[in-house]
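Student: So here's my_file_34.txt (compact mmCIF, C-alpha atoms).
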```
# COMPACT_ATOMS: atom_id res chain seq x y z
CA MET A 357 4.17 26.58 15.31
CA ASN A 358 1.21 24.63 16.65
CA ASN A 359 0.48 20.92 17.06
CA THR A 360 -1.01 20.42 13.58
CA ASP A 361 2.12 21.82 11.94
CA ASN A 362 4.22 19.27 13.83
CA LEU A 363 1.93 16.45 12.70
CA ASP A 364 2.01 17.60 9.09
CA ASN A 365 5.81 17.74 9.10
CA LYS A 366 6.03 14.22 10.50
CA GLU A 367 3.67 12.82 7.88
CA ASN A 368 5.83 13.79 4.91
CA LYS A 369 9.49 13.65 5.95
CA SER A 370 10.74 12.22 2.66
CA GLY A 371 10.34 15.42 0.67
CA ARG A 372 8.30 13.63 -2.00
CA PRO A 373 4.75 14.69 -2.81
CA VAL A 374 2.22 12.57 -0.97
CA GLN A 375 0.37 11.84 -4.23
CA PHE A 376 3.56 10.23 -5.57
CA THR A 377 3.94 8.11 -2.45
CA LEU A 378 0.33 6.95 -2.63
CA SER A 379 0.71 6.11 -6.32
CA LEU A 380 3.84 4.12 -5.53
CA ARG A 381 1.97 2.22 -2.80
CA ILE A 382 -0.81 1.40 -5.27
CA LEU A 383 1.71 0.02 -7.76
CA ILE A 384 3.44 -2.04 -5.07
CA GLY A 385 0.12 -3.44 -3.85
CA MET A 386 -0.90 -4.38 -7.38
CA TYR A 387 2.49 -6.03 -7.89
CA LEU A 388 1.99 -8.16 -4.75
CA VAL A 389 -1.39 -9.30 -6.07
CA TYR A 390 0.21 -10.10 -9.45
CA LEU A 391 2.99 -12.08 -7.75
CA SER A 392 0.53 -14.09 -5.72
CA TYR A 393 -1.48 -14.89 -8.85
CA SER A 394 1.69 -15.93 -10.70
CA LEU A 395 2.78 -18.24 -7.88
CA ILE A 396 -0.44 -20.27 -7.80
CA LYS A 397 0.60 -22.83 -10.43
CA GLU A 398 4.11 -23.03 -8.94
CA ALA A 399 2.65 -23.96 -5.54
CA GLY A 400 0.95 -26.97 -7.14
CA GLN A 401 4.35 -28.59 -7.66
CA PHE A 402 4.88 -28.99 -3.92
CA SER A 403 3.27 -31.64 -1.77
CA GLY A 404 2.26 -32.00 1.84
CA LEU A 405 3.20 -29.33 4.32
CA SER A 406 5.28 -27.44 1.75
CA GLN A 407 2.21 -26.99 -0.43
CA VAL A 408 0.17 -25.71 2.51
CA ILE A 409 2.90 -23.21 3.39
CA ALA A 410 3.14 -22.11 -0.24
CA TYR A 411 -0.61 -21.51 -0.51
CA LEU A 412 -0.64 -19.71 2.84
CA SER A 413 2.18 -17.43 1.64
CA ILE A 414 0.31 -16.75 -1.60
CA PHE A 415 -2.79 -15.87 0.39
CA ILE A 416 -0.83 -13.48 2.61
CA PHE A 417 0.73 -11.81 -0.45
CA ALA A 418 -2.67 -11.40 -2.11
CA VAL A 419 -4.39 -10.01 0.98
CA SER A 420 -1.49 -7.66 1.78
CA GLY A 421 -1.41 -6.35 -1.77
CA ALA A 422 -5.16 -5.88 -1.89
CA VAL A 423 -5.22 -4.03 1.45
CA ILE A 424 -2.31 -1.76 0.50
CA THR A 425 -3.93 -0.98 -2.85
CA PHE A 426 -7.38 -0.38 -1.35
CA LEU A 427 -6.21 1.89 1.47
CA SER A 428 -3.95 3.93 -0.82
CA LEU A 429 -6.65 4.31 -3.47
CA ARG A 430 -9.18 5.36 -0.86
CA LYS A 431 -6.81 7.96 0.58
CA LEU A 432 -5.94 9.24 -2.89
CA ILE A 433 -9.60 9.49 -3.94
CA LYS A 434 -10.74 11.13 -0.69
CA GLY A 435 -7.92 13.64 -0.91
CA GLY A 436 -6.16 12.40 2.20
CA TYR A 437 -3.00 14.08 1.00
CA PHE A 438 -4.32 17.53 1.86
CA ARG A 439 -3.27 19.28 5.04
CA ARG A 440 -5.61 19.22 8.00
CA GLY A 441 -6.90 22.70 7.18
CA GLY A 442 -9.08 21.19 4.46
CA GLY A 443 -7.27 22.35 1.36
CA PRO A 444 -3.93 21.93 -0.31
CA SER A 445 -0.97 23.38 1.49
CA GLU A 446 -0.20 26.94 0.51
CA GLU A 447 3.10 28.29 1.75
```
Spell out the structure here as structure tokens.

Tutor:
Amino acid sequence: MNNTDNLDNKENKSGRPVQFTLSLRILIGMYLVYLSYSLIKEAGQFSGLSQVIAYLSIFIFAVSGAVITFLSLRKLIKGGYFRRGGGPSEE
């Protein structure tokens, strides 16, 4: 057992396929973006500092969701779920 085998085992401890995990991350990221969009008109009901905090929270939700979605999509498209040997794992 060499170093790359140890790294590969640590990357996927859950027992789920990595493609499934990436797809779940994409859905969660899209949901965060949807939530932030849905909260925009609700934040307009506040005033003063509460409104600023609400809009800041919405911004954080939107950016977090977009980053999670982007990084997961990029990894899924590039095939980042393959083992370090370059191809799918064959055991």

Student: Need to verify the contact set: Leu378 (chain A), 10 Å, only C-alpha atoms, exclusion of same-chain residues closer than 6 positions in sequence. Can you return it as a list in words?

Tutor: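 So, after excluding close chain neighbours, the residues are Ile384, Ile424, Thr425, Leu427, Ser428, Leu429, Arg430, Lys431, Leu432, Gly436 and Tyr437 of chain A.
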
Student: What's around region 391-395 of chain A at 7 Å? Count all atoms listed in the file, leave out sequence neighbours fewer than 2 positions away in its own chain, and write the answer as a compact mmCIF listing (two decimals) with C-alpha atoms, keeping the file's coordinate frame.

Tutor:
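Output (selection_29.txt):
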```txt
# COMPACT_ATOMS: atom_id res chain seq x y z
CA TYR A 387 2.49 -6.03 -7.89
CA LEU A 388 1.99 -8.16 -4.75
CA VAL A 389 -1.39 -9.30 -6.07
CA LYS A 397 0.60 -22.83 -10.43
CA GLU A 398 4.11 -23.03 -8.94
CA ALA A 399 2.65 -23.96 -5.54
CA ILE A 414 0.31 -16.75 -1.60
CA PHE A 417 0.73 -11.81 -0.45
CA ALA A 418 -2.67 -11.40 -2.11
```

Student: CA of Tyr411 (chain A) and CA of Tyr390 (chain A), how far apart in Å?

Tutor: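 Here the two named atoms are 14.5 Å from each other.
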
Student: Which distance in Å separates CA of Leu383 (chain A) and CA of Ser413 (chain A), to one decimal?

Tutor: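 That distance, rounded to one decimal, is 19.8 Å.
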
Student: CA of Gly435 (chain A) and CA of Leu380 (chain A), how far apart in Å?

Tutor: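 For CA of Leu380 (chain A) relative to CA of Gly435 (chain A), the distance reads 15.8 Å.
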
Student: Write a file for region 390-434 of chain A of the given structure; include N, CA and C atoms and format it as a PDB file, in the first residue's frame.

Tutor:
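So the final result, stored in part.pdb, reads:
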```pdb
ATOM      1  N   TYR A 390     -31.055  29.688  -4.943  1.00  0.00           N
ATOM      2  CA  TYR A 390     -32.511  29.865  -4.984  1.00  0.00           C
ATOM      3  C   TYR A 390     -33.016  30.522  -3.701  1.00  0.00           C
ATOM      4  N   LEU A 391     -32.517  30.070  -2.553  1.00  0.00           N
ATOM      5  CA  LEU A 391     -32.934  30.675  -1.280  1.00  0.00           C
ATOM      6  C   LEU A 391     -32.573  32.155  -1.213  1.00  0.00           C
ATOM      7  N   SER A 392     -31.379  32.477  -1.657  1.00  0.00           N
ATOM      8  CA  SER A 392     -30.962  33.881  -1.605  1.00  0.00           C
ATOM      9  C   SER A 392     -31.840  34.729  -2.522  1.00  0.00           C
ATOM     10  N   TYR A 393     -32.187  34.203  -3.683  1.00  0.00           N
ATOM     11  CA  TYR A 393     -33.070  34.936  -4.596  1.00  0.00           C
ATOM     12  C   TYR A 393     -34.459  35.111  -3.973  1.00  0.00           C
ATOM     13  N   SER A 394     -34.948  34.080  -3.305  1.00  0.00           N
ATOM     14  CA  SER A 394     -36.283  34.138  -2.695  1.00  0.00           C
ATOM     15  C   SER A 394     -36.341  35.114  -1.526  1.00  0.00           C
ATOM     16  N   LEU A 395     -35.218  35.324  -0.859  1.00  0.00           N
ATOM     17  CA  LEU A 395     -35.196  36.187   0.322  1.00  0.00           C
ATOM     18  C   LEU A 395     -35.039  37.669  -0.001  1.00  0.00           C
ATOM     19  N   ILE A 396     -34.806  38.000  -1.257  1.00  0.00           N
ATOM     20  CA  ILE A 396     -34.561  39.401  -1.608  1.00  0.00           C
ATOM     21  C   ILE A 396     -35.754  40.285  -1.260  1.00  0.00           C
ATOM     22  N   LYS A 397     -36.973  39.885  -1.647  1.00  0.00           N
ATOM     23  CA  LYS A 397     -38.129  40.754  -1.364  1.00  0.00           C
ATOM     24  C   LYS A 397     -38.468  40.758   0.134  1.00  0.00           C
ATOM     25  N   GLU A 398     -38.132  39.682   0.834  1.00  0.00           N
ATOM     26  CA  GLU A 398     -38.365  39.644   2.276  1.00  0.00           C
ATOM     27  C   GLU A 398     -37.432  40.617   3.005  1.00  0.00           C
ATOM     28  N   ALA A 399     -36.228  40.788   2.497  1.00  0.00           N
ATOM     29  CA  ALA A 399     -35.264  41.686   3.143  1.00  0.00           C
ATOM     30  C   ALA A 399     -35.700  43.137   3.017  1.00  0.00           C
ATOM     31  N   GLY A 400     -36.507  43.455   2.031  1.00  0.00           N
ATOM     32  CA  GLY A 400     -37.002  44.814   1.850  1.00  0.00           C
ATOM     33  C   GLY A 400     -37.946  45.253   2.957  1.00  0.00           C
ATOM     34  N   GLN A 401     -38.491  44.324   3.714  1.00  0.00           N
ATOM     35  CA  GLN A 401     -39.413  44.664   4.798  1.00  0.00           C
ATOM     36  C   GLN A 401     -38.689  45.192   6.028  1.00  0.00           C
ATOM     37  N   PHE A 402     -37.402  44.945   6.132  1.00  0.00           N
ATOM     38  CA  PHE A 402     -36.627  45.426   7.273  1.00  0.00           C
ATOM     39  C   PHE A 402     -36.176  46.856   7.021  1.00  0.00           C
ATOM     40  N   SER A 403     -35.673  47.479   8.063  1.00  0.00           N
ATOM     41  CA  SER A 403     -35.138  48.830   7.887  1.00  0.00           C
ATOM     42  C   SER A 403     -33.870  48.984   8.721  1.00  0.00           C
ATOM     43  N   GLY A 404     -33.037  49.907   8.298  1.00  0.00           N
ATOM     44  CA  GLY A 404     -31.829  50.217   9.044  1.00  0.00           C
ATOM     45  C   GLY A 404     -30.808  49.106   9.009  1.00  0.00           C
ATOM     46  N   LEU A 405     -30.224  48.857  10.155  1.00  0.00           N
ATOM     47  CA  LEU A 405     -29.158  47.865  10.277  1.00  0.00           C
ATOM     48  C   LEU A 405     -29.668  46.450   9.981  1.00  0.00           C
ATOM     49  N   SER A 406     -30.902  46.170  10.337  1.00  0.00           N
ATOM     50  CA  SER A 406     -31.470  44.843  10.059  1.00  0.00           C
ATOM     51  C   SER A 406     -31.526  44.570   8.563  1.00  0.00           C
ATOM     52  N   GLN A 407     -31.837  45.595   7.783  1.00  0.00           N
ATOM     53  CA  GLN A 407     -31.894  45.424   6.336  1.00  0.00           C
ATOM     54  C   GLN A 407     -30.488  45.181   5.764  1.00  0.00           C
ATOM     55  N   VAL A 408     -29.514  45.890   6.280  1.00  0.00           N
ATOM     56  CA  VAL A 408     -28.137  45.695   5.827  1.00  0.00           C
ATOM     57  C   VAL A 408     -27.672  44.276   6.148  1.00  0.00           C
ATOM     58  N   ILE A 409     -27.971  43.803   7.337  1.00  0.00           N
ATOM     59  CA  ILE A 409     -27.591  42.442   7.727  1.00  0.00           C
ATOM     60  C   ILE A 409     -28.309  41.415   6.861  1.00  0.00           C
ATOM     61  N   ALA A 410     -29.572  41.660   6.563  1.00  0.00           N
ATOM     62  CA  ALA A 410     -30.337  40.742   5.715  1.00  0.00           C
ATOM     63  C   ALA A 410     -29.733  40.665   4.316  1.00  0.00           C
ATOM     64  N   TYR A 411     -29.422  41.817   3.731  1.00  0.00           N
ATOM     65  CA  TYR A 411     -28.832  41.810   2.389  1.00  0.00           C
ATOM     66  C   TYR A 411     -27.429  41.204   2.392  1.00  0.00           C
ATOM     67  N   LEU A 412     -26.676  41.422   3.442  1.00  0.00           N
ATOM     68  CA  LEU A 412     -25.345  40.811   3.553  1.00  0.00           C
ATOM     69  C   LEU A 412     -25.471  39.285   3.639  1.00  0.00           C
ATOM     70  N   SER A 413     -26.441  38.813   4.405  1.00  0.00           N
ATOM     71  CA  SER A 413     -26.668  37.362   4.517  1.00  0.00           C
ATOM     72  C   SER A 413     -27.091  36.774   3.176  1.00  0.00           C
ATOM     73  N   ILE A 414     -27.945  37.485   2.465  1.00  0.00           N
ATOM     74  CA  ILE A 414     -28.382  37.025   1.141  1.00  0.00           C
ATOM     75  C   ILE A 414     -27.189  36.938   0.195  1.00  0.00           C
ATOM     76  N   PHE A 415     -26.330  37.941   0.260  1.00  0.00           N
ATOM     77  CA  PHE A 415     -25.140  37.948  -0.584  1.00  0.00           C
ATOM     78  C   PHE A 415     -24.233  36.757  -0.257  1.00  0.00           C
ATOM     79  N   ILE A 416     -24.047  36.493   1.013  1.00  0.00           N
ATOM     80  CA  ILE A 416     -23.203  35.360   1.423  1.00  0.00           C
ATOM     81  C   ILE A 416     -23.809  34.041   0.953  1.00  0.00           C
ATOM     82  N   PHE A 417     -25.124  33.892   1.079  1.00  0.00           N
ATOM     83  CA  PHE A 417     -25.798  32.680   0.593  1.00  0.00           C
ATOM     84  C   PHE A 417     -25.579  32.521  -0.909  1.00  0.00           C
ATOM     85  N   ALA A 418     -25.778  33.602  -1.657  1.00  0.00           N
ATOM     86  CA  ALA A 418     -25.666  33.530  -3.118  1.00  0.00           C
ATOM     87  C   ALA A 418     -24.247  33.186  -3.543  1.00  0.00           C
ATOM     88  N   VAL A 419     -23.259  33.842  -2.951  1.00  0.00           N
ATOM     89  CA  VAL A 419     -21.867  33.583  -3.322  1.00  0.00           C
ATOM     90  C   VAL A 419     -21.461  32.164  -2.916  1.00  0.00           C
ATOM     91  N   SER A 420     -21.846  31.736  -1.727  1.00  0.00           N
ATOM     92  CA  SER A 420     -21.515  30.378  -1.281  1.00  0.00           C
ATOM     93  C   SER A 420     -22.131  29.336  -2.208  1.00  0.00           C
ATOM     94  N   GLY A 421     -23.388  29.513  -2.540  1.00  0.00           N
ATOM     95  CA  GLY A 421     -24.055  28.579  -3.440  1.00  0.00           C
ATOM     96  C   GLY A 421     -23.430  28.547  -4.816  1.00  0.00           C
ATOM     97  N   ALA A 422     -23.077  29.725  -5.329  1.00  0.00           N
ATOM     98  CA  ALA A 422     -22.460  29.786  -6.653  1.00  0.00           C
ATOM     99  C   ALA A 422     -21.087  29.130  -6.653  1.00  0.00           C
ATOM    100  N   VAL A 423     -20.306  29.349  -5.608  1.00  0.00           N
ATOM    101  CA  VAL A 423     -18.966  28.752  -5.530  1.00  0.00           C
ATOM    102  C   VAL A 423     -19.059  27.234  -5.403  1.00  0.00           C
ATOM    103  N   ILE A 424     -19.940  26.757  -4.532  1.00  0.00           N
ATOM    104  CA  ILE A 424     -20.112  25.310  -4.365  1.00  0.00           C
ATOM    105  C   ILE A 424     -20.540  24.668  -5.683  1.00  0.00           C
ATOM    106  N   THR A 425     -21.497  25.289  -6.356  1.00  0.00           N
ATOM    107  CA  THR A 425     -21.984  24.760  -7.630  1.00  0.00           C
ATOM    108  C   THR A 425     -20.882  24.764  -8.681  1.00  0.00           C
ATOM    109  N   PHE A 426     -20.171  25.878  -8.800  1.00  0.00           N
ATOM    110  CA  PHE A 426     -19.114  26.002  -9.806  1.00  0.00           C
ATOM    111  C   PHE A 426     -17.996  24.984  -9.591  1.00  0.00           C
ATOM    112  N   LEU A 427     -17.506  24.890  -8.360  1.00  0.00           N
ATOM    113  CA  LEU A 427     -16.396  23.972  -8.090  1.00  0.00           C
ATOM    114  C   LEU A 427     -16.810  22.511  -8.297  1.00  0.00           C
ATOM    115  N   SER A 428     -18.017  22.171  -7.889  1.00  0.00           N
ATOM    116  CA  SER A 428     -18.488  20.791  -8.063  1.00  0.00           C
ATOM    117  C   SER A 428     -18.708  20.463  -9.531  1.00  0.00           C
ATOM    118  N   LEU A 429     -19.281  21.404 -10.277  1.00  0.00           N
ATOM    119  CA  LEU A 429     -19.480  21.188 -11.712  1.00  0.00           C
ATOM    120  C   LEU A 429     -18.143  21.031 -12.426  1.00  0.00           C
ATOM    121  N   ARG A 430     -17.195  21.885 -12.070  1.00  0.00           N
ATOM    122  CA  ARG A 430     -15.884  21.816 -12.709  1.00  0.00           C
ATOM    123  C   ARG A 430     -15.223  20.472 -12.431  1.00  0.00           C
ATOM    124  N   LYS A 431     -15.303  20.013 -11.197  1.00  0.00           N
ATOM    125  CA  LYS A 431     -14.692  18.729 -10.846  1.00  0.00           C
ATOM    126  C   LYS A 431     -15.405  17.574 -11.544  1.00  0.00           C
ATOM    127  N   LEU A 432     -16.722  17.666 -11.659  1.00  0.00           N
ATOM    128  CA  LEU A 432     -17.489  16.619 -12.323  1.00  0.00           C
ATOM    129  C   LEU A 432     -17.182  16.582 -13.818  1.00  0.00           C
ATOM    130  N   ILE A 433     -17.077  17.759 -14.441  1.00  0.00           N
ATOM    131  CA  ILE A 433     -16.801  17.824 -15.875  1.00  0.00           C
ATOM    132  C   ILE A 433     -15.376  17.379 -16.184  1.00  0.00           C
ATOM    133  N   LYS A 434     -14.412  17.809 -15.367  1.00  0.00           N
ATOM    134  CA  LYS A 434     -13.018  17.441 -15.604  1.00  0.00           C
ATOM    135  C   LYS A 434     -12.733  15.992 -15.249  1.00  0.00           C
TER     136      LYS A 434
END
```
